[in-house]
Amino acid sequence: MYDIIVVGGGPAGMTAALYAQRNGKQALIIEKAGFGGQITHSPKVENFPSRLSMSGNEFADELFSQILEQGAEFEIETVCSIEDKGEYKVVSTEEGSKFEGKSVIIATGVKHRMLGLEGENELVGEGISFCAVCDGDFYKNKVVCVAGGGNSALQEAILLSDKCSEVIMLQDMPYFTGEQRLQEVLFARDNVKSFTGVKIQKLLTENGEFSGVEIVNSNGETRQIKSDGLFVAIGLIPENGPFEELAQLNDYGYFDSDESCTTKTPGIFVAGDCRSKRIRQITTAAADGTIAALAACNYINEL
């Protein structure tokens with residue numbers, strides 16, 4: 001039996017495993033895909049303390065090596081359920097495995113809502129981005145498009161307009177749904193223009209590199225827009241459904257837990273982007289992982 005089972009191998013999950021091992025607890029991380037999570041899509045990370053610059057993959061690889069050096073174990077499987085047995089939990093996977101642990105930290109992260117266009121996945125990190133704070137500097141004095149019209153899209157565009165020569169907003173609804181105050185700030189800027197009631201129907205490339213988008217309006221008229229990058233801000237999707245009986249979800253599907261990272265089930269903790277929070281960055285994910293791991297250690301010590 002493990003002391004702490006961590007579901008998810010992003011920055012929050014791996015940091016949780018690190019702190020568990022450093023506190024003398026045996027941790028198991030179960031990750032369904034690749035370690036690192038969304039950060040692996042960033043070609044450069046320049047906002048992590050102590051590192052001038054690194055790629056998302058470098059960050060993930062170094063953190064993964066660090067937790068293995070500390071003695072953490074890992075499995076590449078997809079967790080489908082967690083059973084609360086009181087003083088221990090049973091974590092089951094789609095592959096048929098069952099793991100027992102005294103506590104569980106759920107750090108499943110989120111996935112970005114995608115446009116669903118041909119070639120989109122291949123261009124993520126190579127022209128398509130999701131975070132202006134993370135990647136905006138790569139497009140300094142360049143032209144970018146922003147897909148979306150809610151608060152997140154407007155906030156991303158405001159940040160980008162400080163750096164880029166031109167920001168082009170592309171909204172599929174007839175109007176922008178974000179706060180009026182944000183709209184006033186954004187559209188008062190000379191280097192911002194917008195198209196509403198249009199859908200992106202094609203990603204353009206030249207020599208295999210992103211070069212713009214093709215949009216279509218309600219009349220079926222198409223137009224090609226050349227740009228150096230595309231920031232997609234059409235929402236995030238948490239994948240917390242399988243665990244809703246153990247941890248309360250808010251109206252948007254995020255774990256409704258505060259900074260303590262606790263849940264309604266003793267011994268079950270949550271960490272990272274899957275938790276209800278305003279800021280989602282590597283540093284906030286790592287902070288959650290730290291808090292959740294220490295809370296889990298205290299829980300185990302009191303059993």
# chains A, B, ... in the order shown; residues from 1 in each chain; ligands from 1
>>> residues_around(residues="A:Tyr2", least_positions_apart="2", cutoff="10 Å", atoms="only C-alpha atoms", output="list in words")
Ile4, Ile5, Lys25, Gln26, Ala27, Leu28, Glu73, Tyr88, Lys89, Phe99, Glu100, Gly101, Lys102, Ser103 and Val104 of chain A
>>> residues_around(residues="A:Glu244", least_positions_apart="6", cutoff="10 Å", atoms="only C-alpha atoms", output="number ranges by chain")
A: 250, 253-255
>>> write_last_selection(atoms="C-alpha atoms", output="PDB file, in the first residue's frame")
ATOM      1  CA  ASN A 250     -18.648  23.947  -8.864  1.00  0.00           C
ATOM      2  CA  GLY A 253     -16.882  21.313 -13.227  1.00  0.00           C
ATOM      3  CA  TYR A 254     -13.854  22.400 -11.183  1.00  0.00           C
ATOM      4  CA  PHE A 255     -13.193  21.055  -7.701  1.00  0.00           C
TER       5      PHE A 255
END
>>> residues_around(residues="A:Gly127", least_positions_apart="5", cutoff="10 Å", atoms="only C-alpha atoms", output="VMD selection string")
chain A and resid 120 122 138 to 139 144 205 209 to 212 227 to 231
>>> write_last_selection(atoms="C-alpha atoms", output="PDB file, in the first residue's frame")
ATOM      1  CA  GLU A 120      -4.419  21.900 -35.122  1.00  0.00           C
ATOM      2  CA  GLU A 122       0.532  19.602 -34.798  1.00  0.00           C
ATOM      3  CA  PHE A 138       7.552  35.367 -28.711  1.00  0.00           C
ATOM      4  CA  TYR A 139       5.216  37.519 -30.814  1.00  0.00           C
ATOM      5  CA  VAL A 144      -1.554  37.606 -33.856  1.00  0.00           C
ATOM      6  CA  THR A 205       0.521  27.130 -43.310  1.00  0.00           C
ATOM      7  CA  GLU A 209       4.690  26.660 -40.500  1.00  0.00           C
ATOM      8  CA  PHE A 210       1.603  28.498 -39.270  1.00  0.00           C
ATOM      9  CA  SER A 211       0.823  31.530 -41.413  1.00  0.00           C
ATOM     10  CA  GLY A 212      -2.751  32.531 -40.632  1.00  0.00           C
ATOM     11  CA  SER A 227      -0.800  36.275 -38.877  1.00  0.00           C
ATOM     12  CA  ASP A 228       2.260  35.031 -37.046  1.00  0.00           C
ATOM     13  CA  GLY A 229       0.340  33.324 -34.269  1.00  0.00           C
ATOM     14  CA  LEU A 230      -3.085  32.259 -33.045  1.00  0.00           C
ATOM     15  CA  PHE A 231      -4.106  32.362 -29.395  1.00  0.00           C
TER      16      PHE A 231
END
>>> residues_around(residues="A:Leu170", least_positions_apart="6", cutoff="9 Å", atoms="only C-alpha atoms", output="NGL selection string")
:A and (145-149 or 194-200 or 215)
>>> write_last_selection(atoms="N, CA and C atoms", output="PDB file, in the first residue's frame")
ATOM      1  N   CYS A 145      -3.711  36.542 -34.025  1.00  0.00           N
ATOM      2  CA  CYS A 145      -5.160  36.445 -33.929  1.00  0.00           C
ATOM      3  C   CYS A 145      -5.513  35.855 -32.568  1.00  0.00           C
ATOM      4  N   VAL A 146      -6.662  36.227 -32.053  1.00  0.00           N
ATOM      5  CA  VAL A 146      -7.174  35.649 -30.811  1.00  0.00           C
ATOM      6  C   VAL A 146      -8.564  35.105 -31.094  1.00  0.00           C
ATOM      7  N   ALA A 147      -8.762  33.819 -30.872  1.00  0.00           N
ATOM      8  CA  ALA A 147     -10.063  33.191 -31.077  1.00  0.00           C
ATOM      9  C   ALA A 147     -10.818  33.178 -29.753  1.00  0.00           C
ATOM     10  N   GLY A 148     -11.982  33.808 -29.726  1.00  0.00           N
ATOM     11  CA  GLY A 148     -12.787  33.849 -28.517  1.00  0.00           C
ATOM     12  C   GLY A 148     -13.318  35.240 -28.258  1.00  0.00           C
ATOM     13  N   GLY A 149     -14.325  35.329 -27.375  1.00  0.00           N
ATOM     14  CA  GLY A 149     -14.922  36.629 -27.096  1.00  0.00           C
ATOM     15  C   GLY A 149     -15.326  36.837 -25.661  1.00  0.00           C
ATOM     16  N   SER A 194     -11.360  43.732 -34.864  1.00  0.00           N
ATOM     17  CA  SER A 194     -12.153  42.549 -34.555  1.00  0.00           C
ATOM     18  C   SER A 194     -13.091  42.160 -35.687  1.00  0.00           C
ATOM     19  N   PHE A 195     -13.432  40.878 -35.688  1.00  0.00           N
ATOM     20  CA  PHE A 195     -14.448  40.322 -36.570  1.00  0.00           C
ATOM     21  C   PHE A 195     -15.405  39.520 -35.697  1.00  0.00           C
ATOM     22  N   THR A 196     -16.695  39.789 -35.797  1.00  0.00           N
ATOM     23  CA  THR A 196     -17.688  39.016 -35.061  1.00  0.00           C
ATOM     24  C   THR A 196     -18.548  38.226 -36.032  1.00  0.00           C
ATOM     25  N   GLY A 197     -19.178  37.192 -35.513  1.00  0.00           N
ATOM     26  CA  GLY A 197     -20.021  36.358 -36.358  1.00  0.00           C
ATOM     27  C   GLY A 197     -19.241  35.579 -37.392  1.00  0.00           C
ATOM     28  N   VAL A 198     -18.004  35.250 -37.073  1.00  0.00           N
ATOM     29  CA  VAL A 198     -17.180  34.492 -38.022  1.00  0.00           C
ATOM     30  C   VAL A 198     -16.622  33.245 -37.334  1.00  0.00           C
ATOM     31  N   LYS A 199     -16.385  32.242 -38.119  1.00  0.00           N
ATOM     32  CA  LYS A 199     -15.771  31.021 -37.624  1.00  0.00           C
ATOM     33  C   LYS A 199     -14.460  30.772 -38.351  1.00  0.00           C
ATOM     34  N   ILE A 200     -13.500  30.275 -37.608  1.00  0.00           N
ATOM     35  CA  ILE A 200     -12.246  29.863 -38.237  1.00  0.00           C
ATOM     36  C   ILE A 200     -12.487  28.488 -38.847  1.00  0.00           C
ATOM     37  N   ILE A 215     -11.350  32.481 -42.369  1.00  0.00           N
ATOM     38  CA  ILE A 215     -12.604  32.616 -41.636  1.00  0.00           C
ATOM     39  C   ILE A 215     -13.778  32.650 -42.608  1.00  0.00           C
TER      40      ILE A 215
END
>>> residues_around(residues="A:Val110", least_positions_apart="3", cutoff="8 Å", atoms="only C-alpha atoms", output="CSV table (one decimal) with N, CA and C atoms, in the first residue's frame")
chain,number,residue,atom,x,y,z
A,236,LEU,N,-11.7,26.2,-21.1
A,236,LEU,CA,-10.9,25.1,-20.5
A,236,LEU,C,-11.9,24.0,-20.1
A,237,ILE,N,-11.5,22.8,-20.2
A,237,ILE,CA,-12.4,21.7,-19.8
A,237,ILE,C,-11.7,20.8,-18.7
A,238,PRO,N,-12.3,20.9,-17.5
A,238,PRO,CA,-11.8,20.0,-16.4
A,238,PRO,C,-12.3,18.6,-16.7
A,239,GLU,N,-11.6,17.6,-16.2
A,239,GLU,CA,-12.1,16.2,-16.3
A,239,GLU,C,-12.2,15.6,-15.0
A,273,ASP,N,-4.6,22.9,-11.7
A,273,ASP,CA,-5.6,23.6,-12.5
A,273,ASP,C,-7.0,23.0,-12.4
A,274,CYS,N,-7.2,21.8,-12.0
A,274,CYS,CA,-8.5,21.2,-11.8
A,274,CYS,C,-9.3,21.8,-10.7
>>> select_by_dssp(residues="stretch 108-168 of chain A", states="helix (DSSP H, G or I)", output="JSON, numbers by chain")
{"A": [120, 121, 122, 123, 132, 133, 134, 135, 136, 137, 138, 139, 151, 152, 153, 154, 155, 156, 157, 158, 159, 160, 161]}
>>> atom_distance(atom1="atom CA of A:Ile105", atom2="atom CA of A:Ile76")
16.3 Å
